[in-house]
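J.: One file: start_28.csv (CSV, C-alpha atoms).
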chain,number,residue,atom,x,y,z
M,1,MET,CA,-30.5,-178.2,-172.0
M,2,ASP,CA,-34.2,-178.6,-171.8
M,3,ASP,CA,-36.7,-177.2,-174.3
M,4,GLY,CA,-37.6,-174.2,-172.0
M,5,SER,CA,-34.1,-173.1,-171.7
M,6,MET,CA,-33.5,-173.3,-175.4
M,7,GLN,CA,-36.6,-171.3,-176.2
M,8,ALA,CA,-35.6,-168.5,-173.8
M,9,THR,CA,-32.1,-168.4,-175.3
M,10,TRP,CA,-33.6,-168.1,-178.8
M,11,LEU,CA,-35.9,-165.3,-177.8
M,12,ARG,CA,-33.1,-163.3,-176.3
M,13,THR,CA,-31.0,-163.8,-179.4
M,14,ARG,CA,-33.9,-162.7,-181.6
M,15,ARG,CA,-34.6,-159.6,-179.5
M,16,GLY,CA,-30.9,-158.6,-179.8
M,17,GLN,CA,-31.0,-159.0,-183.6
M,18,LEU,CA,-34.2,-156.9,-183.8
M,19,LEU,CA,-32.6,-154.2,-181.6
M,20,LEU,CA,-29.6,-154.1,-183.8
M,21,LEU,CA,-31.7,-153.9,-187.0
M,22,GLY,CA,-33.8,-151.0,-185.5
M,23,GLY,CA,-30.7,-149.1,-184.4
M,24,GLY,CA,-29.2,-149.5,-187.8
M,25,ALA,CA,-32.3,-148.3,-189.5
M,26,CYS,CA,-32.5,-145.2,-187.3
M,27,LEU,CA,-28.8,-144.5,-187.9
M,28,LEU,CA,-29.3,-144.8,-191.7
M,29,ALA,CA,-32.3,-142.5,-191.6
M,30,ALA,CA,-30.4,-139.9,-189.6
M,31,VAL,CA,-27.6,-140.0,-192.1
M,32,LEU,CA,-30.0,-139.6,-195.1
M,33,VAL,CA,-31.7,-136.7,-193.4
M,34,GLY,CA,-28.4,-134.9,-192.7
M,35,ARG,CA,-27.3,-135.5,-196.3
M,36,GLN,CA,-30.5,-134.0,-197.7
M,37,ALA,CA,-30.1,-130.9,-195.4
M,38,LEU,CA,-26.5,-130.5,-196.6
M,39,VAL,CA,-27.7,-130.8,-200.2
M,40,ARG,CA,-30.5,-128.2,-199.7
M,41,ARG,CA,-28.1,-125.7,-198.1
M,42,ALA,CA,-25.5,-126.1,-200.8
M,43,ALA,CA,-28.0,-125.8,-203.7
M,44,PRO,CA,-28.4,-122.3,-205.3
M,45,PRO,CA,-31.8,-120.5,-204.9
M,46,PRO,CA,-34.1,-120.8,-207.9
M,47,PRO,CA,-33.9,-117.9,-210.3
M,48,VAL,CA,-36.3,-115.0,-209.9
M,49,ALA,CA,-38.1,-113.8,-213.0
M,50,ALA,CA,-37.1,-110.1,-213.9
M,51,GLU,CA,-40.0,-107.6,-214.0
M,52,PRO,CA,-40.6,-106.2,-217.5
M,53,PRO,CA,-39.5,-102.5,-217.9
M,54,ILE,CA,-42.2,-99.8,-217.7
M,55,ARG,CA,-42.6,-98.5,-221.2
M,56,THR,CA,-45.5,-95.9,-220.7
M,57,VAL,CA,-45.9,-92.7,-218.7
M,58,THR,CA,-49.2,-91.9,-217.1
M,59,ALA,CA,-50.0,-88.3,-216.1
M,60,LEU,CA,-52.9,-86.1,-215.3
M,61,GLY,CA,-53.7,-83.2,-217.7
M,62,ARG,CA,-56.3,-80.9,-219.3
M,63,LEU,CA,-57.6,-80.2,-222.7
M,64,GLU,CA,-57.1,-76.8,-224.2
M,65,PRO,CA,-56.9,-75.1,-227.6
M,66,ILE,CA,-53.5,-74.9,-229.3
M,67,GLY,CA,-52.2,-71.4,-228.8
M,68,GLU,CA,-53.8,-71.3,-225.3
M,69,VAL,CA,-56.9,-69.4,-224.3
M,70,ARG,CA,-56.9,-65.6,-224.8
M,71,THR,CA,-58.7,-63.4,-222.3
M,72,ILE,CA,-60.1,-60.3,-223.9
M,73,ALA,CA,-60.1,-57.3,-221.5
M,74,PRO,CA,-60.9,-53.6,-222.0
M,75,PRO,CA,-58.0,-51.0,-222.2
M,76,THR,CA,-56.9,-49.5,-218.9
M,77,ALA,CA,-54.7,-46.6,-220.2
M,78,SER,CA,-57.4,-44.0,-219.5
M,79,GLY,CA,-57.6,-44.9,-215.8
M,80,ALA,CA,-61.4,-44.9,-215.8
M,81,GLN,CA,-63.3,-48.2,-215.8
M,82,PRO,CA,-65.8,-48.1,-218.8
M,83,ARG,CA,-69.0,-50.0,-219.0
M,84,LEU,CA,-69.8,-52.5,-221.8
M,85,GLN,CA,-72.3,-50.7,-224.2
M,86,ARG,CA,-72.7,-53.6,-226.7
M,87,LEU,CA,-71.6,-57.2,-226.8
M,88,LEU,CA,-71.6,-58.4,-230.4
M,89,VAL,CA,-70.8,-62.1,-229.9
M,90,ASP,CA,-72.0,-64.9,-227.5
M,91,GLN,CA,-70.5,-68.1,-226.1
M,92,GLY,CA,-69.9,-70.7,-228.8
M,93,ASP,CA,-69.7,-68.2,-231.7
M,94,GLY,CA,-66.9,-68.5,-234.1
M,95,VAL,CA,-64.8,-65.3,-234.7
M,96,LYS,CA,-62.2,-64.1,-237.1
M,97,ALA,CA,-59.0,-62.1,-236.3
M,98,GLY,CA,-59.8,-58.4,-236.2
M,99,GLN,CA,-63.5,-58.9,-235.8
M,100,LEU,CA,-65.3,-56.4,-233.6
M,101,LEU,CA,-66.5,-58.2,-230.4
M,102,ALA,CA,-67.7,-55.4,-228.1
M,103,VAL,CA,-68.2,-51.6,-227.8
M,104,LEU,CA,-67.6,-49.6,-224.6
M,105,ASP,CA,-69.7,-46.7,-223.5
M,106,ASN,CA,-66.9,-44.2,-223.8
M,107,GLN,CA,-66.5,-44.8,-227.6
M,108,ALA,CA,-68.6,-41.7,-228.5
M,109,GLN,CA,-66.4,-39.5,-226.4
M,110,LEU,CA,-63.3,-40.8,-228.2
M,111,GLU,CA,-65.0,-40.3,-231.6
M,112,ALA,CA,-65.6,-36.7,-230.6
M,113,SER,CA,-62.0,-36.2,-229.7
M,114,VAL,CA,-60.9,-37.5,-233.1
M,115,ALA,CA,-63.3,-35.0,-234.8
M,116,ALA,CA,-61.9,-32.1,-232.7
M,117,ALA,CA,-58.4,-33.1,-233.6
M,118,TRP,CA,-59.3,-33.2,-237.3
M,119,ALA,CA,-60.8,-29.7,-237.0
M,120,GLU,CA,-57.6,-28.4,-235.4
M,121,VAL,CA,-55.5,-29.9,-238.2
M,122,ASN,CA,-57.7,-28.3,-240.9
M,123,LEU,CA,-57.5,-24.9,-239.2
M,124,LEU,CA,-53.7,-25.0,-238.9
M,125,ARG,CA,-53.4,-26.1,-242.6
M,126,SER,CA,-55.3,-22.9,-243.5
M,127,ARG,CA,-53.0,-20.8,-241.4
M,128,LEU,CA,-50.0,-22.4,-242.9
M,129,ALA,CA,-51.3,-21.6,-246.4
M,130,ILE,CA,-51.9,-18.0,-245.4
M,131,ALA,CA,-48.4,-17.7,-243.9
M,132,ARG,CA,-46.8,-19.1,-247.0
M,133,ALA,CA,-48.8,-16.6,-249.2
M,134,ASP,CA,-47.8,-13.7,-247.0
M,135,ALA,CA,-44.2,-14.8,-247.1
M,136,GLY,CA,-44.2,-14.9,-250.9
M,137,SER,CA,-45.9,-11.5,-251.3
M,138,GLY,CA,-44.8,-9.5,-248.2
M,139,GLU,CA,-41.3,-8.7,-249.3
M,140,ALA,CA,-42.4,-7.8,-252.8
M,141,SER,CA,-45.1,-5.5,-251.4
M,142,GLN,CA,-42.8,-3.8,-249.0
M,143,LEU,CA,-40.2,-3.4,-251.8
M,144,ALA,CA,-42.8,-1.7,-254.0
M,145,LYS,CA,-43.7,0.6,-251.1
M,146,VAL,CA,-40.1,1.6,-250.8
M,147,ARG,CA,-39.8,2.3,-254.5
M,148,SER,CA,-42.9,4.5,-254.4
M,149,LEU,CA,-41.7,6.5,-251.4
M,150,GLU,CA,-38.3,6.9,-253.1
M,151,ALA,CA,-40.1,8.4,-256.1
M,152,GLN,CA,-42.2,10.6,-253.8
M,153,GLN,CA,-39.0,11.7,-252.1
M,154,ARG,CA,-37.4,12.7,-255.4
M,155,THR,CA,-40.5,14.8,-256.3
M,156,ALA,CA,-40.7,16.4,-252.9
M,157,ALA,CA,-37.0,17.3,-253.0
M,158,THR,CA,-37.4,18.9,-256.4
M,159,GLU,CA,-40.3,20.9,-255.2
M,160,ALA,CA,-38.5,22.0,-252.1
M,161,ARG,CA,-35.5,23.2,-254.1
M,162,ARG,CA,-37.8,25.1,-256.5
M,163,TYR,CA,-39.7,26.8,-253.8
M,164,GLN,CA,-36.5,27.7,-252.0
M,165,ALA,CA,-35.4,29.5,-255.3
M,166,LEU,CA,-38.7,31.2,-255.6
M,167,PHE,CA,-38.6,32.3,-252.0
M,168,ALA,CA,-35.2,33.8,-252.6
M,169,SER,CA,-36.5,35.8,-255.6
M,170,GLY,CA,-39.5,36.9,-253.5
M,171,ALA,CA,-42.0,35.0,-255.7
M,172,VAL,CA,-43.4,32.9,-252.8
M,173,SER,CA,-43.8,33.3,-249.1
M,174,ALA,CA,-41.8,31.6,-246.4
M,175,GLU,CA,-44.9,29.6,-245.4
M,176,GLU,CA,-45.1,28.1,-248.9
M,177,ARG,CA,-41.4,27.3,-248.9
M,178,ASP,CA,-41.7,25.6,-245.4
M,179,ALA,CA,-44.7,23.6,-246.5
M,180,ARG,CA,-42.7,22.1,-249.4
M,181,GLN,CA,-39.8,21.3,-247.0
M,182,LEU,CA,-42.2,19.6,-244.5
M,183,THR,CA,-43.5,17.4,-247.3
M,184,LEU,CA,-40.0,16.4,-248.2
M,185,ASP,CA,-39.2,15.6,-244.5
M,186,THR,CA,-42.4,13.5,-244.1
M,187,VAL,CA,-41.7,11.5,-247.3
M,188,SER,CA,-38.1,10.9,-246.2
M,189,ALA,CA,-39.2,9.7,-242.8
M,190,SER,CA,-41.8,7.3,-244.4
M,191,LEU,CA,-39.1,6.1,-246.8
M,192,GLN,CA,-36.7,5.3,-243.9
M,193,GLU,CA,-39.4,3.4,-242.0
M,194,ALA,CA,-40.3,1.4,-245.2
M,195,ARG,CA,-36.7,0.5,-245.7
M,196,VAL,CA,-36.3,-0.8,-242.1
M,197,LEU,CA,-39.5,-2.9,-242.6
M,198,LEU,CA,-38.1,-4.2,-245.8
M,199,GLU,CA,-34.9,-5.3,-244.2
M,200,ARG,CA,-36.9,-6.9,-241.3
M,201,GLN,CA,-39.1,-8.8,-243.9
M,202,ARG,CA,-36.0,-10.0,-245.6
M,203,ALA,CA,-34.5,-11.2,-242.3
M,204,ARG,CA,-37.7,-13.0,-241.3
M,205,SER,CA,-37.8,-14.8,-244.7
M,206,THR,CA,-34.4,-16.4,-244.0
M,207,ALA,CA,-34.3,-16.7,-240.2
M,208,GLY,CA,-36.2,-20.0,-239.9
M,209,SER,CA,-34.8,-23.5,-240.3
M,210,GLY,CA,-33.4,-23.9,-243.7
M,211,GLY,CA,-34.1,-20.3,-244.6
M,212,THR,CA,-37.9,-20.6,-244.0
M,213,ASP,CA,-40.0,-17.6,-243.1
M,214,LEU,CA,-40.6,-17.5,-239.4
M,215,ASP,CA,-44.3,-17.2,-239.7
M,216,VAL,CA,-44.4,-20.1,-242.1
M,217,GLU,CA,-42.2,-22.2,-239.8
M,218,ALA,CA,-44.4,-21.4,-236.7
M,219,ALA,CA,-47.5,-22.4,-238.7
M,220,GLN,CA,-45.7,-25.6,-239.9
M,221,ARG,CA,-44.8,-26.6,-236.3
M,222,GLY,CA,-48.3,-26.0,-235.1
M,223,LEU,CA,-49.7,-28.2,-237.9
M,224,GLU,CA,-47.3,-31.0,-237.0
M,225,GLN,CA,-48.4,-30.9,-233.4
M,226,ALA,CA,-52.0,-31.0,-234.4
M,227,GLN,CA,-51.4,-34.0,-236.6
M,228,ALA,CA,-49.6,-35.8,-233.8
M,229,ASN,CA,-52.6,-35.1,-231.5
M,230,LEU,CA,-54.9,-36.5,-234.2
M,231,GLN,CA,-52.9,-39.7,-234.4
M,232,GLN,CA,-53.0,-40.1,-230.7
M,233,ALA,CA,-56.8,-39.5,-230.6
M,234,GLU,CA,-57.3,-42.1,-233.4
M,235,ALA,CA,-55.1,-44.6,-231.7
M,236,ALA,CA,-57.1,-44.2,-228.4
M,237,ARG,CA,-60.3,-44.6,-230.4
M,238,ASP,CA,-59.1,-47.7,-232.2
M,239,ASP,CA,-57.6,-49.3,-229.1
M,240,ASN,CA,-60.9,-48.9,-227.3
M,241,LEU,CA,-62.7,-51.1,-229.9
M,242,ILE,CA,-62.6,-54.7,-228.6
M,243,ARG,CA,-61.5,-56.9,-231.5
M,244,SER,CA,-60.5,-60.6,-231.7
M,245,PRO,CA,-56.7,-61.2,-231.9
M,246,ILE,CA,-57.1,-64.6,-233.5
M,247,ASP,CA,-59.4,-66.9,-235.4
M,248,GLY,CA,-61.3,-69.1,-232.9
M,249,SER,CA,-64.4,-69.5,-230.8
M,250,VAL,CA,-65.9,-67.7,-227.8
M,251,LEU,CA,-65.4,-70.1,-224.9
M,252,ARG,CA,-66.8,-68.0,-222.0
M,253,VAL,CA,-68.5,-64.6,-221.5
M,254,PHE,CA,-67.8,-62.7,-218.3
M,255,ALA,CA,-69.6,-59.4,-218.8
M,256,ARG,CA,-72.8,-58.3,-220.6
M,257,ALA,CA,-74.0,-54.9,-221.9
M,258,GLY,CA,-74.3,-52.4,-219.0
M,259,GLU,CA,-71.7,-54.1,-216.8
M,260,SER,CA,-68.2,-53.0,-216.0
M,261,PRO,CA,-65.8,-55.8,-216.9
M,262,GLY,CA,-63.9,-57.0,-213.8
M,263,ASN,CA,-60.6,-58.7,-213.4
M,264,ALA,CA,-61.7,-61.7,-215.4
M,265,GLY,CA,-62.1,-59.4,-218.5
M,266,ILE,CA,-65.0,-59.5,-221.0
M,267,LEU,CA,-64.6,-63.0,-222.6
M,268,GLN,CA,-62.3,-65.8,-223.5
M,269,ILE,CA,-61.4,-67.0,-227.0
M,270,GLY,CA,-59.5,-70.1,-228.1
M,271,GLN,CA,-58.7,-72.0,-231.3
M,272,THR,CA,-61.0,-75.0,-230.5
M,273,ARG,CA,-60.6,-76.5,-234.0
M,274,ARG,CA,-57.0,-77.3,-233.0
M,275,MET,CA,-57.1,-78.9,-229.5
M,276,GLN,CA,-54.3,-80.4,-227.5
M,277,VAL,CA,-53.8,-82.2,-224.2
M,278,VAL,CA,-51.4,-80.5,-221.7
M,279,ALA,CA,-50.1,-83.4,-219.5
M,280,GLU,CA,-48.3,-82.7,-216.3
M,281,VAL,CA,-45.5,-85.3,-216.3
M,282,TYR,CA,-43.5,-85.9,-213.1
M,283,GLU,CA,-40.0,-84.8,-213.5
M,284,SER,CA,-38.7,-88.3,-212.7
M,285,ASP,CA,-40.7,-89.7,-215.7
M,286,LEU,CA,-39.5,-87.1,-218.1
M,287,PRO,CA,-36.6,-89.1,-219.6
M,288,ARG,CA,-39.1,-91.6,-221.0
M,289,VAL,CA,-41.1,-89.0,-222.9
M,290,LYS,CA,-40.0,-88.3,-226.5
M,291,PRO,CA,-41.5,-86.1,-229.3
M,292,GLY,CA,-43.8,-88.1,-231.6
M,293,GLN,CA,-44.8,-90.7,-229.0
M,294,PRO,CA,-48.5,-91.6,-229.1
M,295,VAL,CA,-50.8,-90.3,-226.4
M,296,ARG,CA,-54.0,-91.9,-225.3
M,297,ILE,CA,-56.4,-89.6,-223.4
M,298,SER,CA,-59.3,-90.8,-221.3
M,299,SER,CA,-61.9,-89.3,-218.9
M,300,PRO,CA,-65.3,-90.3,-217.5
M,301,ALA,CA,-66.7,-87.5,-219.7
M,302,LEU,CA,-65.4,-89.1,-222.9
M,303,PRO,CA,-67.4,-91.9,-224.5
M,304,ARG,CA,-64.1,-93.3,-225.9
M,305,PRO,CA,-60.5,-92.2,-225.6
M,306,LEU,CA,-58.9,-89.5,-227.6
M,307,GLU,CA,-55.6,-89.8,-229.4
M,308,GLY,CA,-52.7,-87.5,-230.0
M,309,ARG,CA,-48.9,-87.3,-230.3
M,310,VAL,CA,-46.3,-85.6,-228.2
M,311,GLY,CA,-45.4,-82.3,-229.7
M,312,LEU,CA,-43.7,-79.8,-227.3
M,313,ILE,CA,-41.9,-80.9,-224.1
M,314,GLY,CA,-41.7,-78.0,-221.6
M,315,ALA,CA,-38.3,-76.7,-220.3
M,316,ILE,CA,-39.6,-75.4,-217.0
M,317,VAL,CA,-40.3,-77.5,-213.9
M,318,LEU,CA,-43.6,-76.3,-212.4
M,319,ARG,CA,-45.8,-77.1,-209.4
M,320,GLN,CA,-48.6,-79.5,-210.2
M,321,SER,CA,-51.8,-77.8,-211.0
M,322,VAL,CA,-54.1,-80.7,-212.0
M,323,ILE,CA,-54.7,-82.5,-208.7
M,324,ASN,CA,-55.8,-86.1,-208.4
M,325,THR,CA,-59.1,-86.7,-206.6
M,326,ASP,CA,-57.4,-89.3,-204.3
M,327,PRO,CA,-56.9,-87.5,-201.0
M,328,SER,CA,-53.7,-89.5,-200.3
M,329,ALA,CA,-52.1,-88.4,-203.6
M,330,ASN,CA,-49.2,-86.0,-203.5
M,331,SER,CA,-50.5,-82.5,-204.3
M,332,ASP,CA,-47.1,-80.7,-204.3
M,333,SER,CA,-45.3,-82.7,-207.0
M,334,ARG,CA,-42.9,-81.1,-209.5
M,335,VAL,CA,-44.0,-81.6,-213.1
M,336,VAL,CA,-43.1,-80.5,-216.6
M,337,GLU,CA,-45.9,-79.7,-219.1
M,338,VAL,CA,-46.0,-81.9,-222.2
M,339,ARG,CA,-48.2,-80.7,-225.0
M,340,ALA,CA,-49.7,-83.2,-227.4
M,341,PRO,CA,-51.9,-82.0,-230.4
M,342,LEU,CA,-54.9,-84.2,-231.0
M,343,THR,CA,-55.5,-86.1,-234.2
M,344,PRO,CA,-58.1,-84.6,-236.6
M,345,GLU,CA,-60.8,-87.1,-235.6
M,346,SER,CA,-60.2,-86.5,-231.9
M,347,ASN,CA,-60.2,-82.7,-232.5
M,348,LEU,CA,-63.9,-82.9,-233.5
M,349,ARG,CA,-64.9,-84.6,-230.3
M,350,ALA,CA,-62.8,-82.4,-228.0
M,351,SER,CA,-63.7,-79.0,-229.4
M,352,GLY,CA,-66.2,-78.2,-226.7
M,353,LEU,CA,-64.3,-79.6,-223.8
M,354,THR,CA,-61.7,-76.9,-223.0
M,355,ASN,CA,-60.2,-77.4,-219.5
M,356,LEU,CA,-61.6,-80.9,-219.1
M,357,GLN,CA,-59.4,-82.9,-216.7
M,358,VAL,CA,-58.1,-86.0,-218.3
M,359,ARG,CA,-55.7,-88.9,-217.8
M,360,ALA,CA,-52.9,-89.2,-220.5
M,361,VAL,CA,-50.9,-92.4,-221.2
M,362,ILE,CA,-47.8,-91.6,-223.2
M,363,GLY,CA,-45.9,-94.2,-225.1
M,364,PRO,CA,-44.5,-96.6,-225.9
In C-alpha cells, how does this file's structure come out?
T.:
Amino acid sequence: MDDGSMQATWLRTRRGQLLLLGGGACLLAAVLVGRQALVRRAAPPPPVAAEPPIRTVTALGRLEPIGEVRTIAPPTASGAQPRLQRLLVDQGDGVKAGQLLAVLDNQAQLEASVAAAWAEVNLLRSRLAIARADAGSGEASQLAKVRSLEAQQRTAATEARRYQALFASGAVSAEERDARQLTLDTVSASLQEARVLLERQRARSTAGSGGTDLDVEAAQRGLEQAQANLQQAEAARDDNLIRSPIDGSVLRVFARAGESPGNAGILQIGQTRRMQVVAEVYESDLPRVKPGQPVRISSPALPRPLEGRVGLIGAIVLRQSVINTDPSANSDSRVVEVRAPLTPESNLRASGLTNLQVRAVIGP
C-alpha cells in the first residue's frame, strides 16, 4: 500500500474516533441534564418564612370628655318657647354643679305665681284657725244659750201660772193673763230651736274624718290643696332656672340673650379635665382588644401623640360614625366603641380638643 492510501485510511479511522467521542459526550451531557431535572423535581420547595402575627389594632376615633357632652336645653313642659333673658357664662368658662347658667324671660311670671300661691296658703291658714276657734266655742256658746232659755222658760211658766190664778180670782184681766202665756210660748219655741241647733253643732263636731268638725275639716282640705299648688309653682320656677348638672367647662354656646333656643339647646358642657378617646374598632378586631392595653392617639392637629389605656369596651355593635377621608374606604362598617381615658399629661393637652378626629393604635 502506498503512502497515499495509508494516509487516507488513517484519516478515516481518526474521523470515526472523533465521531464516536462526540456522540459519547453528547450522550453523557443528556444523561446529566436529565438527572439534574429529576433531582430538581424530587427536591422539596424551600421553606417560606411565616408572617409575624398582628399585635396592634388601629381605629379611627374622636376625643371627648369622660361622662360625655351634656346639652343644656330650656324646659318644655309649659308648651311655650321662652326667650333667653340672660346668659351668665360663656364658651370656655368653668362651671360647678348647680351653678346658674341662664335665666329665661318667663321667670318673673313664675315668681309671681309662687307669690300668689303663698298668699293663698296664708289666707287658708287663717280660715283654718277661725274654724278651729269656732269649733271649740260654738258648742259651748249654744249650750249656754239653751241653759239661759231654759231659765227663762221656767220663769215664764211660773208667771203664766200665777196670772192664771189671779185671773181666776178676778184680780187681773184676760189680756194680762194671755200676755204671760204668750211670753211662755215664745220662750218655749226659742228653747226648742236652741236645742235643735245644739244637737246640730254636736253632730258637726264629730261628723268629719276622725271626729273632726266639718268646718275645720273643709278648711284643712283647702289649706292642703293650696300647699300642693304652692309646691307645684315653686317646682316650675326652680325648673325654669338653667343650672349646670355637672362640674365642667362650657364647650359651645348656641343661644344668646334675646334669642329663643332652638333644637340645639342653649349650650354644651363637658368635663374637659378628664378626657378620653372613643375609638370605633371594627367588630372583627374586637377579640384583640383587652382592658388596660395602651393606646397611642395621633392627629395632624397634635404636635405629638397622646397616650391612654383601654377602659370600657362597648357591648353594642354600631354603624361607623367617624369616616376616613379616603373615598375608597368602607363607610358602612360595623364597629364597637372602645373608650380609653387619657393619662394626666395627655389630659392637659387635649382639654380644648373635644370632638377632634384622631387615629388610635391599641396594643400590644
J.: Using all atoms of segment 143-146 of chain M listed in the file and a margin of 8 Å per side, can you give the axis-aligned box centre and edge lengths in Å to one decimal, as AutoDock Vina command-line options?
T.:
--center_x -41.9 --center_y -0.9 --center_z -252.4 --size_x 19.6 --size_y 21.0 --size_z 19.2
J.: Give me, as a Markdown table, each residue of segment 174-267 of chain M that comes within 9 Å of segment 139-145 of chain M, together with its shortest interatomic pair and the distance in Å at one decimal, counting all atoms listed in the file, with rows ordered by chain and rising residue number.
T.:
| residue | atom | partner | partner_atom | distance |
| --- | --- | --- | --- | --- |
| M:Leu191 | CA | M:Lys145 | CA | 8.4 |
| M:Ala194 | CA | M:Lys145 | CA | 6.9 |
| M:Arg195 | CA | M:Leu143 | CA | 8.0 |
| M:Leu197 | CA | M:Gln142 | CA | 7.3 |
| M:Leu198 | CA | M:Gln142 | CA | 5.7 |
| M:Glu199 | CA | M:Glu139 | CA | 8.9 |
| M:Gln201 | CA | M:Glu139 | CA | 5.8 |
| M:Arg202 | CA | M:Glu139 | CA | 6.6 |
| M:Ser205 | CA | M:Glu139 | CA | 8.4 |
J.: Would you save the residues from that selection as a PDB file, in the coordinates of the input, using C-alpha atoms?
T.:
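Now in selection_29.pdb:
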ATOM      1  CA  LEU M 191     -39.100   6.100-246.800  1.00  0.00           C
ATOM      2  CA  ALA M 194     -40.300   1.400-245.200  1.00  0.00           C
ATOM      3  CA  ARG M 195     -36.700   0.500-245.700  1.00  0.00           C
ATOM      4  CA  LEU M 197     -39.500  -2.900-242.600  1.00  0.00           C
ATOM      5  CA  LEU M 198     -38.100  -4.200-245.800  1.00  0.00           C
ATOM      6  CA  GLU M 199     -34.900  -5.300-244.200  1.00  0.00           C
ATOM      7  CA  GLN M 201     -39.100  -8.800-243.900  1.00  0.00           C
ATOM      8  CA  ARG M 202     -36.000 -10.000-245.600  1.00  0.00           C
ATOM      9  CA  SER M 205     -37.800 -14.800-244.700  1.00  0.00           C
TER      10      SER M 205
END
J.: I want to know what sits within 8 Å of Thr56 of chain M, based on all atoms listed in the file, with residues of the same chain fewer than 3 positions away left out; could you give that as a ChimeraX atom specification?
T.: /M:288,361-364
J.: Can you check which parts of segment 104-161 of chain M lie within 12 Å of segment 259-281 of chain M? Per residue, the shortest pair of atoms and distance in Å to one decimal, counting all atoms listed in the file, sorted by chain and number, as a tab-separated table.
T.:
residue	atom	partner	partner_atom	distance
M:Leu104	CA	M:Ser260	CA	9.3
M:Asp105	CA	M:Ser260	CA	9.9
M:Asn106	CA	M:Ser260	CA	11.8
J.: Residues around (-61.3, -71.0, -222.2), cut-off 12 Å, counting only C-alpha atoms - what are they as a ChimeraX atom specification?
T.: /M:62-72,91-92,248-254,264,267-272,275,351-356
J.: Those same residues, written as a CSV table (one decimal), in the coordinates of the input with C-alpha atoms?
T.:
chain,number,residue,atom,x,y,z
M,62,ARG,CA,-56.3,-80.9,-219.3
M,63,LEU,CA,-57.6,-80.2,-222.7
M,64,GLU,CA,-57.1,-76.8,-224.2
M,65,PRO,CA,-56.9,-75.1,-227.6
M,66,ILE,CA,-53.5,-74.9,-229.3
M,67,GLY,CA,-52.2,-71.4,-228.8
M,68,GLU,CA,-53.8,-71.3,-225.3
M,69,VAL,CA,-56.9,-69.4,-224.3
M,70,ARG,CA,-56.9,-65.6,-224.8
M,71,THR,CA,-58.7,-63.4,-222.3
M,72,ILE,CA,-60.1,-60.3,-223.9
M,91,GLN,CA,-70.5,-68.1,-226.1
M,92,GLY,CA,-69.9,-70.7,-228.8
M,248,GLY,CA,-61.3,-69.1,-232.9
M,249,SER,CA,-64.4,-69.5,-230.8
M,250,VAL,CA,-65.9,-67.7,-227.8
M,251,LEU,CA,-65.4,-70.1,-224.9
M,252,ARG,CA,-66.8,-68.0,-222.0
M,253,VAL,CA,-68.5,-64.6,-221.5
M,254,PHE,CA,-67.8,-62.7,-218.3
M,264,ALA,CA,-61.7,-61.7,-215.4
M,267,LEU,CA,-64.6,-63.0,-222.6
M,268,GLN,CA,-62.3,-65.8,-223.5
M,269,ILE,CA,-61.4,-67.0,-227.0
M,270,GLY,CA,-59.5,-70.1,-228.1
M,271,GLN,CA,-58.7,-72.0,-231.3
M,272,THR,CA,-61.0,-75.0,-230.5
M,275,MET,CA,-57.1,-78.9,-229.5
M,351,SER,CA,-63.7,-79.0,-229.4
M,352,GLY,CA,-66.2,-78.2,-226.7
M,353,LEU,CA,-64.3,-79.6,-223.8
M,354,THR,CA,-61.7,-76.9,-223.0
M,355,ASN,CA,-60.2,-77.4,-219.5
M,356,LEU,CA,-61.6,-80.9,-219.1
J.: Just the residues within 10 Å of Thr183 of chain M, please, counting all atoms listed in the file, with nothing from its chain fewer than 3 positions along; format it as an MDAnalysis selection string.
T.: chainID M and resid 152:153 155:157 159:160 178:180 186:189
J.: Which residue out of M:Ser173, M:Gln99, M:Ser113, M:Gln220 has the minimum interatomic distance to Ser126 of chain M when all atoms listed in the file are used?
T.: M:Gln220
J.: Out of M:Leu124, M:Ala165, M:Leu182, M:Ile246, which residue has the shortest atom-to-atom distance to Lys96 of chain M when counting all atoms listed in the file?
T.: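 Residue with the minimum atom-to-atom distance to Lys96 of chain M: M:Ile246.
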J.: How far is it from atom CA of Ser346 of chain M to atom CA of Pro294 of chain M, in Å with one decimal?
T.: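 Taking atom CA of Ser346 of chain M as the start and atom CA of Pro294 of chain M as the end point, the length is 13.1 Å.
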J.: For each of M:Ser148, M:Asn229, M:Gln357, M:Thr76, take the minimum atom-to-atom distance to Glu120 of chain M, counting all atoms listed in the file, then give the residue where this is smallest.
T.: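 Of the candidates, the smallest distance to Glu120 of chain M is held by M:Asn229.
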J.: Which residue out of M:Ala233, M:Ala129, M:Ala119, M:Ala257 has the minimum interatomic distance to Leu84 of chain M when all atoms listed in the file are used?
T.: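 Between M:Ala233, M:Ala129, M:Ala119, M:Ala257, the residue approaching Leu84 of chain M most closely is M:Ala257.
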J.: So the first atom is atom CA of Leu110 of chain M and the second is atom CA of Gly258 of chain M; what is the distance between them in Å, to one decimal place?
T.: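 Atom-to-atom, atom CA of Leu110 of chain M and atom CA of Gly258 of chain M are spaced 18.4 Å apart.
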J.: So what do you get for atom CA of Val121 of chain M versus atom CA of Arg237 of chain M, distance-wise?
T.: 17.3 Å
J.: Write out as a PyMOL selection string which residues come within 8 Å of Leu306 of chain M when counting only C-alpha atoms, dropping same-chain ones fewer than 2 positions away.
T.: chain M and resi 296-298+304+308+342+346
J.: Find the residue from M:Asn347, M:Ser190, M:Gln85, M:Ser299 that sits nearest to Gln107 of chain M; use all atoms listed in the file when measuring.
T.: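 Closest residue, counting all atoms listed in the file: M:Gln85.
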J.: Find the residues around Arg309 of chain M up to 8 Å (only C-alpha atoms counted), leave out those fewer than 3 positions away in its own chain, and share them as JSON, numbers by chain.
T.: {"M": [291, 292, 293, 294, 295, 340, 341, 342, 343]}
